[in-house]
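Peer 1: This structure is in structure tokens; I'll ask about it shortly.
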Amino acid sequence: MSYPRRPLGLAAALTLAAALPAVVIPAAPALAVTYGTPTISLSAGYLSGAVGATGDPTVTVTIAQSGADVSALTVAASASTRTAVARTTDVTVAGTTGSRVLNVAARGVGYTDLTIKVTGLGGKTATKTLHYAASAAVQYSADARYLTGSSDASAAVDAGNGYIVVADDESNVLRLYDRNASGAPVRTWDFTSALGVSKEIDIEGATRVGNTIYWTGSLGNNKDGEIKADRRTVFTTNVTGSGATTQLTLGGKYTGLRDDLINWDKANGNHYGFAAGAAAGEIPKQIDGFNVEGLEFAPGSSTTAFVGFRAPLTPAVTNGKALLVPVTNFNQLPGGSVHATFGTPIELNLGGLSVRDIRRNAAGQYLIVAGSWAADDNSDPYALYRWDGLATTAPVKLLDLPTTDAGGWEAVVDVPDLTVSGARVQLITDDGSADLYNDGTEAKDLTHPEWKKSRSTWFTVTP
């Protein structure tokens, strides 16, 4: 006879479990982490600096690695054998995110290549090459800045909030720069097609009234004495926004000012020799040539503009005077159907120098950048003058501008209040014919735009 088994009580079950051998469950094997190959990219493949400069342009290094925390990645640079220009220790990389900032402190003038390497987890690496060029130290100023992307700055106007619009006499591109920093433009506008031109206008003068910027070509022949129609162009751009948000749109244009000036001079006995200076075969940058470089409105006027001449001097002798011709309906020319009308010309004693730029402030105070009429004038004298805009008042020299560094002084951005002690003004050079890197190449002929640059410098103009 069989009896049903009684279930074990709790105490008996625990006793039985304790007597049984322990069962060990092995842990799952750890999964191996696989990291991808790091990636690296540079915001620019070419970079220019200057020996001893502050605020040189930088390069953004963007890095990533699949499966890795980007903060664990390292970025380092190594120099080529041209260590006289920059060594490995001259390169710094800042930041811990996927975007690092790379800066080079130039050691000497010339070119060198830098290898930029990112090292990721798992020992994997990736590299990029940065092509670097360094120009000489500025001898007279610690706050020089470099506007890169172009070497032929020829005119500039204030865009507000620390930004400027700069023209180039080798192209029809206008560039917006941070006026207090070195580096590339934040925005560019190329009006070549919209203006219906095929060659450079040779923009040399500019001024702003309200939200309109007036630009003028040189109106002269090219350097070989050839008559080029595109250089006759005067045009306007309309401004919206300010500072970094500045936008330009094309306004009107006028191509008759060169002929108007020549015909006006003929009607007045060829006093200034415009027809002869502008004739085919005549080089514009000679003492009796025909070449416009300055543009600014007369005191209290938004209709009459002074057209400032680099050539001719009047009379055409070494100690001649600089020439301003008032165009009394200048505001009506671009986009209009009228010819220019003229006021009484003004001759200024600038110590035998001519007008390279002229700028007025709201108080009617003028600054004139004076320089040589000659073509190759990097080492010729330059000076800065103040003036009140009246034909009966002689300009007063404020200072002689340095000529120890490459480039010619071409543009004054704006005019501070010249009654305030310690007032400072920003001037910009045209470095197009300068040998920036000591290799015999003029800056305008450099292959890479990032290596082209003009220099801006601040000067104190009142005691």
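Identifiers for the structure tokens are assigned positionally: chains receive A, B, ... in sequence, residues are indexed from 1 per chain, and ligands are indexed from 1 in the order shown.
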Taking only C-alpha atoms into account, produce a table as a tab-separated table in which each residue of stretch 318-350 of chain A with an atom at most 12 Å from an atom of stretch 360-378 of chain A appears once, together with its shortest atom pair and the distance in Å to one decimal, ordered by chain and rising number.

Peer 2:
residue	atom	partner	partner_atom	distance
A:Thr318	CA	A:Ser372	CA	10.0
A:Asn319	CA	A:Ser372	CA	11.3
A:Gly320	CA	A:Trp373	CA	11.0
A:Lys321	CA	A:Ala370	CA	11.0
A:Ala322	CA	A:Ala370	CA	8.8
A:Leu323	CA	A:Ala370	CA	11.4
A:Leu324	CA	A:Ile368	CA	11.3
A:Leu348	CA	A:Ile368	CA	10.5
A:Asn349	CA	A:Ala370	CA	10.2
A:Leu350	CA	A:Ala370	CA	6.7

Peer 1: Just N, CA and C atoms for this one: save the residues we selected as an mmCIF file, in the first residue's frame.

Peer 2:
data_model
loop_
_atom_site.group_PDB
_atom_site.id
_atom_site.type_symbol
_atom_site.label_atom_id
_atom_site.label_comp_id
_atom_site.auth_asym_id
_atom_site.auth_seq_id
_atom_site.Cartn_x
_atom_site.Cartn_y
_atom_site.Cartn_z
ATOM 1 N N THR A 318 57.687 118.473 -59.357
ATOM 2 C CA THR A 318 57.882 117.711 -58.134
ATOM 3 C C THR A 318 57.178 118.343 -56.942
ATOM 4 N N ASN A 319 57.180 119.646 -56.835
ATOM 5 C CA ASN A 319 56.548 120.318 -55.697
ATOM 6 C C ASN A 319 55.142 120.810 -56.029
ATOM 7 N N GLY A 320 54.487 120.153 -56.992
ATOM 8 C CA GLY A 320 53.148 120.560 -57.374
ATOM 9 C C GLY A 320 52.125 120.268 -56.296
ATOM 10 N N LYS A 321 50.915 120.727 -56.543
ATOM 11 C CA LYS A 321 49.831 120.565 -55.573
ATOM 12 C C LYS A 321 48.905 119.430 -55.989
ATOM 13 N N ALA A 322 48.242 118.859 -54.993
ATOM 14 C CA ALA A 322 47.269 117.803 -55.237
ATOM 15 C C ALA A 322 45.954 118.418 -55.696
ATOM 16 N N LEU A 323 45.205 117.658 -56.476
ATOM 17 C CA LEU A 323 44.009 118.185 -57.131
ATOM 18 C C LEU A 323 42.748 117.472 -56.655
ATOM 19 N N LEU A 324 41.745 118.291 -56.286
ATOM 20 C CA LEU A 324 40.385 117.823 -56.044
ATOM 21 C C LEU A 324 39.471 118.549 -57.007
ATOM 22 N N LEU A 348 45.608 121.573 -53.355
ATOM 23 C CA LEU A 348 46.067 121.459 -51.975
ATOM 24 C C LEU A 348 47.562 121.201 -51.922
ATOM 25 N N ASN A 349 48.223 121.884 -51.013
ATOM 26 C CA ASN A 349 49.652 121.659 -50.813
ATOM 27 C C ASN A 349 49.833 120.494 -49.844
ATOM 28 N N LEU A 350 50.195 119.342 -50.392
ATOM 29 C CA LEU A 350 50.453 118.150 -49.594
ATOM 30 C C LEU A 350 51.937 117.783 -49.637
#

Peer 1: DSSP on the backbone: which residues in stretch 150-236 of chain A end up as strand (DSSP E)? Give the answer as a ChimeraX atom specification.

Peer 2: /A:153-160,163-168,173-178,187-190,203-209,212-217,234-236

Peer 1: Given only C-alpha atoms, how would the per-residue table for stretch 366-419 of chain A near stretch 136-149 of chain A read, listing every residue at most 8 Å away with its closest atom pair and distance in Å to one decimal, sorted by chain and number, as CSV?

Peer 2:
residue,atom,partner,partner_atom,distance
A:Pro402,CA,A:Tyr140,CA,7.7
A:Thr404,CA,A:Gln139,CA,7.0
A:Asp405,CA,A:Val138,CA,6.4

Peer 1: Save out the residues we just selected, C-alpha atoms, as an mmCIF file, in the first residue's frame.

Peer 2:
data_model
loop_
_atom_site.group_PDB
_atom_site.id
_atom_site.type_symbol
_atom_site.label_atom_id
_atom_site.label_comp_id
_atom_site.auth_asym_id
_atom_site.auth_seq_id
_atom_site.Cartn_x
_atom_site.Cartn_y
_atom_site.Cartn_z
ATOM 1 C CA PRO A 402 56.027 104.678 -42.002
ATOM 2 C CA THR A 404 59.652 100.450 -43.420
ATOM 3 C CA ASP A 405 57.089 97.718 -44.096
#

Peer 1: Would you give me, as a list in words, the residues in stretch 7-150 of chain A that DSSP reads as helix (DSSP H, G or I)?

Peer 2: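 Matching residues, listed in order: Leu10, Ala11, Ala12, Ala13, Leu14, Thr15, Leu16, Ala17, Ala18, Ala19, Val70, Ser71, Ala72, Thr88, Thr89, Asp90, Leu121, Gly122 and Gly123 of chain A.
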
Peer 1: Those selected residues, please, written with all heavy atoms and delivered as a short mmCIF file (atom, residue, chain, number, x, y, z; two decimals), in the first residue's frame.

Peer 2:
data_model
loop_
_atom_site.label_atom_id
_atom_site.label_comp_id
_atom_site.auth_asym_id
_atom_site.auth_seq_id
_atom_site.Cartn_x
_atom_site.Cartn_y
_atom_site.Cartn_z
N LEU A 10 9.05 24.52 5.18
CA LEU A 10 10.01 25.56 4.80
C LEU A 10 11.38 25.28 5.42
O LEU A 10 12.41 25.37 4.75
CB LEU A 10 9.49 26.93 5.24
CG LEU A 10 10.43 28.12 4.99
CD1 LEU A 10 10.73 28.24 3.50
CD2 LEU A 10 9.83 29.41 5.51
N ALA A 11 11.35 24.90 6.68
CA ALA A 11 12.64 24.67 7.35
C ALA A 11 13.37 23.50 6.73
O ALA A 11 14.59 23.54 6.51
CB ALA A 11 12.39 24.42 8.85
N ALA A 12 12.62 22.44 6.41
CA ALA A 12 13.27 21.28 5.81
C ALA A 12 13.82 21.58 4.43
O ALA A 12 14.88 21.12 4.03
CB ALA A 12 12.27 20.11 5.74
N ALA A 13 13.06 22.41 3.66
CA ALA A 13 13.51 22.78 2.32
C ALA A 13 14.80 23.58 2.37
O ALA A 13 15.72 23.38 1.58
CB ALA A 13 12.42 23.58 1.60
N LEU A 14 14.90 24.48 3.31
CA LEU A 14 16.11 25.28 3.45
C LEU A 14 17.29 24.43 3.84
O LEU A 14 18.42 24.61 3.38
CB LEU A 14 15.89 26.41 4.46
CG LEU A 14 14.89 27.51 4.05
CD1 LEU A 14 14.66 28.49 5.19
CD2 LEU A 14 15.40 28.24 2.81
N THR A 15 17.02 23.46 4.71
CA THR A 15 18.10 22.57 5.13
C THR A 15 18.60 21.75 3.96
O THR A 15 19.81 21.57 3.75
CB THR A 15 17.58 21.64 6.24
OG1 THR A 15 17.16 22.46 7.33
CG2 THR A 15 18.68 20.68 6.70
N LEU A 16 17.66 21.25 3.14
CA LEU A 16 18.04 20.46 1.97
C LEU A 16 18.83 21.29 0.97
O LEU A 16 19.83 20.86 0.41
CB LEU A 16 16.78 19.87 1.33
CG LEU A 16 17.02 19.05 0.04
CD1 LEU A 16 17.90 17.82 0.36
CD2 LEU A 16 15.69 18.60 -0.55
N ALA A 17 18.40 22.57 0.75
CA ALA A 17 19.09 23.43 -0.22
C ALA A 17 20.50 23.73 0.22
O ALA A 17 21.44 23.78 -0.58
CB ALA A 17 18.31 24.74 -0.41
N ALA A 18 20.65 23.87 1.55
CA ALA A 18 21.99 24.18 2.06
C ALA A 18 22.94 23.02 1.87
O ALA A 18 24.16 23.19 1.75
CB ALA A 18 21.91 24.59 3.52
N ALA A 19 22.35 21.80 1.87
CA ALA A 19 23.20 20.61 1.73
C ALA A 19 23.61 20.34 0.30
O ALA A 19 24.55 19.58 0.04
CB ALA A 19 22.45 19.40 2.31
N VAL A 70 34.50 62.41 -27.95
CA VAL A 70 35.41 63.28 -28.69
C VAL A 70 36.39 63.98 -27.77
O VAL A 70 37.50 64.33 -28.19
CB VAL A 70 34.60 64.30 -29.51
CG1 VAL A 70 33.96 65.36 -28.62
CG2 VAL A 70 35.47 64.97 -30.56
N SER A 71 36.04 64.15 -26.50
CA SER A 71 36.97 64.82 -25.58
C SER A 71 38.21 63.97 -25.30
O SER A 71 39.21 64.48 -24.80
CB SER A 71 36.26 65.15 -24.27
OG SER A 71 35.87 63.97 -23.59
N ALA A 72 38.13 62.67 -25.60
CA ALA A 72 39.28 61.79 -25.38
C ALA A 72 40.26 61.82 -26.54
O ALA A 72 41.35 61.25 -26.45
CB ALA A 72 38.79 60.35 -25.16
N THR A 88 57.36 72.78 -34.17
CA THR A 88 56.24 72.09 -33.54
C THR A 88 55.78 72.83 -32.30
O THR A 88 54.58 72.96 -32.04
CB THR A 88 56.65 70.65 -33.19
OG1 THR A 88 56.99 69.96 -34.39
CG2 THR A 88 55.53 69.92 -32.47
N THR A 89 56.72 73.35 -31.53
CA THR A 89 56.38 74.05 -30.29
C THR A 89 55.72 75.41 -30.54
O THR A 89 55.23 76.03 -29.59
CB THR A 89 57.64 74.25 -29.44
OG1 THR A 89 58.65 74.89 -30.24
CG2 THR A 89 58.16 72.91 -28.94
N ASP A 90 55.70 75.88 -31.77
CA ASP A 90 55.07 77.15 -32.09
C ASP A 90 53.59 77.00 -32.42
O ASP A 90 52.91 77.99 -32.68
CB ASP A 90 55.77 77.80 -33.29
CG ASP A 90 57.23 78.12 -33.00
OD1 ASP A 90 57.52 78.53 -31.87
OD2 ASP A 90 58.07 77.95 -33.91
N LEU A 121 40.91 56.82 -29.81
CA LEU A 121 40.99 55.62 -28.97
C LEU A 121 41.32 54.42 -29.84
O LEU A 121 41.00 54.38 -31.03
CB LEU A 121 39.66 55.43 -28.23
CG LEU A 121 39.27 56.58 -27.28
CD1 LEU A 121 37.99 56.22 -26.54
CD2 LEU A 121 40.38 56.90 -26.31
N GLY A 122 41.97 53.46 -29.24
CA GLY A 122 42.42 52.30 -29.99
C GLY A 122 43.68 52.58 -30.77
O GLY A 122 44.09 51.76 -31.60
N GLY A 123 44.30 53.73 -30.53
CA GLY A 123 45.55 54.06 -31.20
C GLY A 123 45.40 54.46 -32.65
O GLY A 123 46.39 54.59 -33.36
#

Peer 1: Stretch 459-462 of chain A: which residues within 9 Å, counting only C-alpha atoms, same-chain residues fewer than 4 positions away excluded, as a list in words?

Peer 2: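 Result of the neighbour search: Ser141, Leu384, Leu398, Leu399, Leu418, Thr419, Val420, Ser421, Gly422, Ala423, Arg424, Val425, Gln426 and Leu427 of chain A.
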
Peer 1: Since we have the selection now, will you write its residues out, keeping all heavy atoms, as a short mmCIF file (atom, residue, chain, number, x, y, z; two decimals), in the first residue's frame?

Peer 2:
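Writing the result to result01.cif gives the following:
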data_model
loop_
_atom_site.label_atom_id
_atom_site.label_comp_id
_atom_site.auth_asym_id
_atom_site.auth_seq_id
_atom_site.Cartn_x
_atom_site.Cartn_y
_atom_site.Cartn_z
N SER A 141 54.28 98.94 -34.99
CA SER A 141 52.98 98.82 -34.35
C SER A 141 52.74 97.40 -33.85
O SER A 141 53.01 96.43 -34.55
CB SER A 141 51.86 99.20 -35.33
OG SER A 141 50.59 98.96 -34.77
N LEU A 384 49.86 111.86 -43.51
CA LEU A 384 48.44 112.01 -43.19
C LEU A 384 48.19 113.48 -42.85
O LEU A 384 48.89 114.06 -42.00
CB LEU A 384 48.07 111.12 -42.00
CG LEU A 384 46.58 111.02 -41.67
CD1 LEU A 384 45.83 110.31 -42.80
CD2 LEU A 384 46.38 110.25 -40.36
N LEU A 398 49.62 115.87 -40.07
CA LEU A 398 49.54 115.28 -38.75
C LEU A 398 50.73 114.38 -38.47
O LEU A 398 51.27 114.38 -37.37
CB LEU A 398 48.24 114.48 -38.60
CG LEU A 398 46.94 115.28 -38.67
CD1 LEU A 398 45.75 114.34 -38.59
CD2 LEU A 398 46.89 116.31 -37.54
N LEU A 399 51.12 113.60 -39.46
CA LEU A 399 52.27 112.71 -39.26
C LEU A 399 52.75 112.17 -40.60
O LEU A 399 51.99 112.10 -41.57
CB LEU A 399 51.91 111.57 -38.31
CG LEU A 399 50.69 110.69 -38.66
CD1 LEU A 399 51.14 109.42 -39.37
CD2 LEU A 399 49.94 110.32 -37.39
N LEU A 418 38.60 114.88 -34.28
CA LEU A 418 39.98 115.35 -34.21
C LEU A 418 40.19 116.41 -33.15
O LEU A 418 41.31 116.93 -33.00
CB LEU A 418 40.41 115.87 -35.58
CG LEU A 418 40.39 114.83 -36.71
CD1 LEU A 418 40.79 115.45 -38.04
CD2 LEU A 418 41.30 113.65 -36.39
N THR A 419 39.14 116.74 -32.38
CA THR A 419 39.30 117.65 -31.25
C THR A 419 39.55 116.89 -29.95
O THR A 419 39.80 117.51 -28.91
CB THR A 419 38.06 118.54 -31.09
OG1 THR A 419 36.93 117.72 -30.73
CG2 THR A 419 37.74 119.29 -32.37
N VAL A 420 39.46 115.57 -30.01
CA VAL A 420 39.62 114.75 -28.81
C VAL A 420 41.07 114.27 -28.70
O VAL A 420 41.63 113.74 -29.66
CB VAL A 420 38.66 113.54 -28.86
CG1 VAL A 420 38.92 112.60 -27.67
CG2 VAL A 420 37.22 114.00 -28.86
N SER A 421 41.65 114.44 -27.53
CA SER A 421 43.02 114.01 -27.31
C SER A 421 43.12 112.49 -27.42
O SER A 421 42.29 111.76 -26.89
CB SER A 421 43.49 114.45 -25.92
OG SER A 421 44.79 114.00 -25.66
N GLY A 422 44.14 112.04 -28.12
CA GLY A 422 44.37 110.61 -28.27
C GLY A 422 43.51 109.94 -29.32
O GLY A 422 43.43 108.71 -29.35
N ALA A 423 42.87 110.72 -30.19
CA ALA A 423 42.04 110.13 -31.25
C ALA A 423 42.90 109.26 -32.15
O ALA A 423 44.03 109.60 -32.49
CB ALA A 423 41.36 111.23 -32.07
N ARG A 424 42.33 108.11 -32.55
CA ARG A 424 43.06 107.16 -33.38
C ARG A 424 42.32 106.91 -34.68
O ARG A 424 41.09 106.92 -34.73
CB ARG A 424 43.27 105.84 -32.63
CG ARG A 424 43.99 105.98 -31.32
CD ARG A 424 44.06 104.66 -30.59
NE ARG A 424 45.11 103.80 -31.11
CZ ARG A 424 45.01 102.49 -31.26
NH1 ARG A 424 43.89 101.87 -30.97
NH2 ARG A 424 46.02 101.78 -31.73
N VAL A 425 43.08 106.64 -35.73
CA VAL A 425 42.51 106.38 -37.05
C VAL A 425 43.11 105.09 -37.59
O VAL A 425 44.27 104.78 -37.36
CB VAL A 425 42.77 107.56 -38.01
CG1 VAL A 425 44.25 107.76 -38.26
CG2 VAL A 425 42.03 107.37 -39.32
N GLN A 426 42.28 104.35 -38.34
CA GLN A 426 42.73 103.09 -38.93
C GLN A 426 43.01 103.30 -40.41
O GLN A 426 42.14 103.74 -41.16
CB GLN A 426 41.67 102.01 -38.74
CG GLN A 426 42.12 100.62 -39.18
CD GLN A 426 41.06 99.57 -38.94
OE1 GLN A 426 39.87 99.87 -38.88
NE2 GLN A 426 41.48 98.32 -38.78
N LEU A 427 44.23 102.94 -40.83
CA LEU A 427 44.64 103.02 -42.22
C LEU A 427 44.92 101.62 -42.74
O LEU A 427 45.31 100.73 -41.99
CB LEU A 427 45.88 103.89 -42.39
CG LEU A 427 45.82 105.32 -41.84
CD1 LEU A 427 47.12 106.05 -42.15
CD2 LEU A 427 44.63 106.08 -42.41
#

Peer 1: Calculated over only C-alpha atoms, which of the candidates A:Ala340, A:Ala244, A:Val173, A:Val85 has the smallest distance to A:Ala105?

Peer 2: A:Val85

Peer 1: Return as a tab-separated table the residues of stretch 115-188 of chain A lying at most 9 Å from stretch 408-411 of chain A, together with the closest atom-to-atom pair for each and the distance in Å to one decimal, counting only C-alpha atoms, with rows in chain order and ascending residue number.

Peer 2:
residue	atom	partner	partner_atom	distance
A:Ala153	CA	A:Glu410	CA	7.2
A:Ser154	CA	A:Glu410	CA	5.5
A:Ala155	CA	A:Ala411	CA	5.1
A:Ala156	CA	A:Ala411	CA	6.1
A:Val157	CA	A:Ala411	CA	8.9

Peer 1: Skipping near chain neighbours, those fewer than 4 positions away, what residues fall within 10 Å of A:Thr37 using only C-alpha atoms, listed as a count of residues only?

Peer 2: 12

Peer 1: Taking 2 positions as the minimum chain separation for residues in the same chain, which residues sit within 10 Å of A:Val59 when counting only C-alpha atoms? Answer as a PyMOL selection string.

Peer 2: chain A and resi 42-47+57+61-62+93+99-104+130+183
